[in-house]
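This is final31.pdb. It holds PDB, C-alpha atoms.
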ATOM      1  CA  MET P1226     -35.432 -30.462  -9.015
ATOM      2  CA  ARG P1227     -32.735 -28.351  -7.384
ATOM      3  CA  THR P1228     -30.822 -28.157 -10.675
ATOM      4  CA  THR P1229     -33.903 -26.864 -12.477
ATOM      5  CA  LYS P1230     -34.400 -24.100  -9.910
ATOM      6  CA  THR P1231     -30.724 -23.109 -10.105
ATOM      7  CA  ALA P1232     -30.814 -23.032 -13.900
ATOM      8  CA  ALA P1233     -34.003 -20.945 -13.899
ATOM      9  CA  LEU P1234     -32.497 -18.499 -11.411
ATOM     10  CA  ALA P1235     -29.297 -18.187 -13.463
ATOM     11  CA  LEU P1236     -31.302 -17.638 -16.650
ATOM     12  CA  ALA P1237     -33.344 -14.914 -14.966
ATOM     13  CA  ALA P1238     -30.175 -13.188 -13.741
ATOM     14  CA  VAL P1239     -28.631 -13.258 -17.225
ATOM     15  CA  ALA P1240     -31.824 -11.891 -18.751
ATOM     16  CA  ALA P1241     -31.884  -9.041 -16.223
ATOM     17  CA  LEU P1242     -28.254  -8.165 -16.962
ATOM     18  CA  LEU P1243     -28.800  -8.208 -20.710
ATOM     19  CA  THR P1244     -31.858  -5.992 -20.374
ATOM     20  CA  ALA P1245     -29.969  -3.460 -18.215
ATOM     21  CA  THR P1246     -26.959  -3.482 -20.527
ATOM     22  CA  GLY P1247     -29.104  -2.999 -23.614
ATOM     23  CA  ALA P1248     -30.899  -0.038 -22.063
ATOM     24  CA  ALA P1249     -27.617   1.566 -21.009
ATOM     25  CA  ALA P1250     -26.123   1.074 -24.468
ATOM     26  CA  ALA P1251     -29.171   2.621 -26.088
ATOM     27  CA  ASP P1252     -28.951   5.694 -23.839
ATOM     28  CA  ALA P1253     -25.243   6.358 -24.387
ATOM     29  CA  GLY P1254     -24.303   8.547 -27.287
ATOM     30  CA  THR P1255     -27.802   9.414 -28.376
ATOM     31  CA  PRO P1256     -27.639  12.242 -30.939
ATOM     32  CA  GLY P1257     -29.000  15.548 -29.736
ATOM     33  CA  THR P1258     -28.767  14.703 -26.024
ATOM     34  CA  GLY P1259     -25.322  16.216 -25.472
ATOM     35  CA  THR P1260     -23.943  12.899 -24.317
ATOM     36  CA  PRO P1261     -20.782  12.029 -26.242
ATOM     37  CA  SER P1262     -20.600   8.585 -27.747
ATOM     38  CA  PRO P1263     -17.734   6.332 -26.622
ATOM     39  CA  GLY P1264     -15.761   6.901 -29.837
ATOM     40  CA  ALA P1265     -16.247  10.687 -29.903
ATOM     41  CA  GLU P1266     -13.339  12.995 -30.585
ATOM     42  CA  PRO P1267     -11.862  14.719 -27.500
ATOM     43  CA  THR P1268     -12.792  18.383 -27.185
ATOM     44  CA  GLY P1269      -9.509  19.488 -25.580
ATOM     45  CA  ASP P1270      -6.094  18.298 -24.519
ATOM     46  CA  GLY P1271      -6.936  17.739 -20.845
ATOM     47  CA  ALA P1272      -4.452  20.376 -19.676
ATOM     48  CA  GLN P1273      -6.501  21.474 -16.675
ATOM     49  CA  ALA P1274      -6.920  17.910 -15.410
ATOM     50  CA  LEU P1275      -3.242  17.154 -15.947
ATOM     51  CA  CYS P1276      -2.166  20.312 -14.130
ATOM     52  CA  LYS P1277      -4.355  19.289 -11.209
ATOM     53  CA  ARG P1278      -2.725  15.829 -11.060
ATOM     54  CA  VAL P1279       0.924  16.971 -11.334
ATOM     55  CA  PRO P1280       1.702  16.724  -7.574
ATOM     56  CA  LYS P1281       0.322  13.187  -7.331
ATOM     57  CA  ILE P1282       2.173  12.109 -10.471
ATOM     58  CA  GLU P1283       5.428  13.586  -9.089
ATOM     59  CA  LYS P1284       5.045  11.618  -5.867
ATOM     60  CA  ARG P1285       4.244   8.397  -7.703
ATOM     61  CA  LEU P1286       7.266   8.723 -10.020
ATOM     62  CA  ALA P1287       9.604   9.530  -7.127
ATOM     63  CA  ARG P1288       8.280   6.585  -5.124
ATOM     64  CA  ALA P1289       8.752   4.192  -8.054
ATOM     65  CA  LEU P1290      12.313   5.369  -8.702
ATOM     66  CA  THR P1291      13.178   5.090  -5.012
ATOM     67  CA  ARG P1292      11.813   1.552  -4.929
ATOM     68  CA  LEU P1293      13.680   0.512  -8.075
ATOM     69  CA  GLY P1294      16.929   1.972  -6.745
ATOM     70  CA  GLY P1295      16.601   0.364  -3.318
ATOM     71  CA  ASP P1296      18.901  -2.277  -1.862
ATOM     72  CA  ALA P1297      18.339  -6.034  -1.821
ATOM     73  CA  THR P1298      15.998  -5.782   1.188
ATOM     74  CA  GLN P1299      13.596  -3.490  -0.716
ATOM     75  CA  ARG P1300      10.763  -5.363  -2.447
ATOM     76  CA  GLY P1301      10.544  -4.379  -6.102
ATOM     77  CA  SER P1302      14.124  -3.142  -6.314
ATOM     78  CA  ILE P1303      16.519  -4.011  -9.092
ATOM     79  CA  SER P1304      19.082  -5.189  -6.533
ATOM     80  CA  ARG P1305      16.629  -7.644  -5.011
ATOM     81  CA  LEU P1306      15.749  -9.084  -8.395
ATOM     82  CA  GLU P1307      19.453  -9.384  -9.279
ATOM     83  CA  GLN P1308      19.923 -11.373  -6.083
ATOM     84  CA  ARG P1309      17.021 -13.651  -6.983
ATOM     85  CA  VAL P1310      18.515 -14.254 -10.441
ATOM     86  CA  GLU P1311      21.839 -15.134  -8.836
ATOM     87  CA  ASN P1312      20.128 -17.477  -6.348
ATOM     88  CA  ALA P1313      18.327 -19.246  -9.205
ATOM     89  CA  ARG P1314      21.597 -19.572 -11.101
ATOM     90  CA  LYS P1315      23.346 -21.080  -8.068
ATOM     91  CA  ALA P1316      20.460 -23.496  -7.490
ATOM     92  CA  GLY P1317      20.535 -24.606 -11.129
ATOM     93  CA  HIS P1318      16.948 -23.514 -11.820
ATOM     94  CA  THR P1319      17.486 -22.517 -15.440
ATOM     95  CA  GLU P1320      13.847 -21.774 -16.279
ATOM     96  CA  ILE P1321      13.411 -19.634 -13.179
ATOM     97  CA  GLU P1322      16.648 -17.801 -13.934
ATOM     98  CA  THR P1323      15.519 -17.083 -17.502
ATOM     99  CA  TYR P1324      12.142 -15.781 -16.353
ATOM    100  CA  LEU P1325      13.643 -13.577 -13.637
ATOM    101  CA  ASN P1326      16.373 -12.336 -15.957
ATOM    102  CA  ASP P1327      13.769 -11.185 -18.498
ATOM    103  CA  LYS P1328      11.898  -9.480 -15.685
ATOM    104  CA  LEU P1329      15.152  -7.833 -14.578
ATOM    105  CA  THR P1330      15.821  -6.534 -18.092
ATOM    106  CA  PHE P1331      12.388  -4.925 -18.164
ATOM    107  CA  ARG P1332      12.785  -3.461 -14.684
ATOM    108  CA  ARG P1333      16.125  -1.912 -15.653
ATOM    109  CA  SER P1334      14.484  -0.324 -18.695
ATOM    110  CA  LEU P1335      11.921   1.327 -16.426
ATOM    111  CA  VAL P1336      14.483   3.588 -14.757
ATOM    112  CA  PRO P1337      15.364   5.743 -17.805
ATOM    113  CA  ALA P1338      11.710   5.818 -18.884
ATOM    114  CA  LEU P1339      10.575   7.049 -15.458
ATOM    115  CA  GLU P1340      13.397   9.590 -15.300
ATOM    116  CA  LYS P1341      12.308  10.944 -18.692
ATOM    117  CA  ARG P1342       8.745  11.200 -17.421
ATOM    118  CA  GLN P1343      10.001  13.181 -14.426
ATOM    119  CA  LYS P1344      11.760  15.650 -16.753
ATOM    120  CA  ASP P1345       8.684  15.929 -18.973
ATOM    121  CA  LEU P1346       6.486  16.443 -15.925
ATOM    122  CA  ALA P1347       8.754  19.235 -14.687
ATOM    123  CA  ALA P1348       8.180  21.011 -18.020
ATOM    124  CA  VAL P1349       4.429  20.456 -17.677
ATOM    125  CA  LYS P1350       4.517  21.884 -14.150
ATOM    126  CA  THR P1351       6.290  24.999 -15.426
ATOM    127  CA  TRP P1352       3.745  25.338 -18.224
ATOM    128  CA  CYS P1353       0.868  24.959 -15.764
ATOM    129  CA  LYS P1354       2.226  27.748 -13.549
ATOM    130  CA  ALA P1355       2.635  30.053 -16.545
ATOM    131  CA  ASN P1356      -0.822  29.261 -17.972
ATOM    132  CA  ASN P1357      -3.112  29.483 -14.936
ATOM    133  CA  ASN P1358      -3.160  25.709 -14.415
ATOM    134  CA  GLY P1359      -4.424  25.106 -17.945
ATOM    135  CA  SER P1360      -7.753  26.812 -17.388
ATOM    136  CA  GLY P1361      -7.347  28.883 -20.548
ATOM    137  CA  LYS P1362      -8.094  32.185 -18.790
TER     138      LYS P1362
END
Entire entry expressed as structure tokens:
Amino acid sequence: MRTTKTAALALAAVAALLTATGAAAADAGTPGTGTPSPGAEPTGDGAQALCKRVPKIEKRLARALTRLGGDATQRGSISRLEQRVENARKAGHTEIETYLNDKLTFRRSLVPALEKRQKDLAAVKTWCKANNNGSGK
């Protein structure tokens, strides 16, 4: 009896979700309503939004680079992961060492990528100052 009630309740919940999802899908992207469909072409390059986010992006990049360059006591640092690889090697945990070493290789590759982003972002910041924060005016 209890199983029947639970099944009926679950079926009713699924039906309600499907009905709500179907109605939302039918409303989105309706021609003539001004609402863009999910696959619509972008109307601009997002310069104004990017210019607005530059300070937050700068802070996030600097924080990530500081963390990666930290010493062995800093969680997320390359040094700490190197120490963990060495500890796994000493303990004879070959699988753990392999996994951590692959992770270390990726983490090392992040540093030049993030530094390049910082340089690119500096150019964007300069452009934003020269172009009224991308407002097009």
(request) Report as an MDAnalysis selection string the residues that result from applying the PyMOL selection byres ((chain P and resi 1303-1312) around 8) to the structure here. (result) chainID P and resid 1293:1302 1313:1316 1321:1322 1325:1326 1329 1332:1333
(message) List the spatial neighbours of P:Trp1352 as a PyMOL selection string - criterion: any atom at most 12 Å away, all atoms listed in the file, same-chain residues fewer than 4 positions off excluded.
(response) chain P and resi 1272-1273+1275-1276+1279+1345-1348+1356-1361
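For the set P:Ile1282, P:Leu1290, P:Cys1353, P:Ala1274, the residue with the smallest atom-to-atom gap to P:Glu1340 is P:Leu1290, counting all atoms listed in the file.
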(message) So the first atom is atom CA of P:Pro1267 and the second is atom CA of P:Glu1283; what is the distance between them in Å, to one decimal place?
(response)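 Computed distance, atom CA of P:Pro1267 to atom CA of P:Glu1283, equals 25.3 Å.
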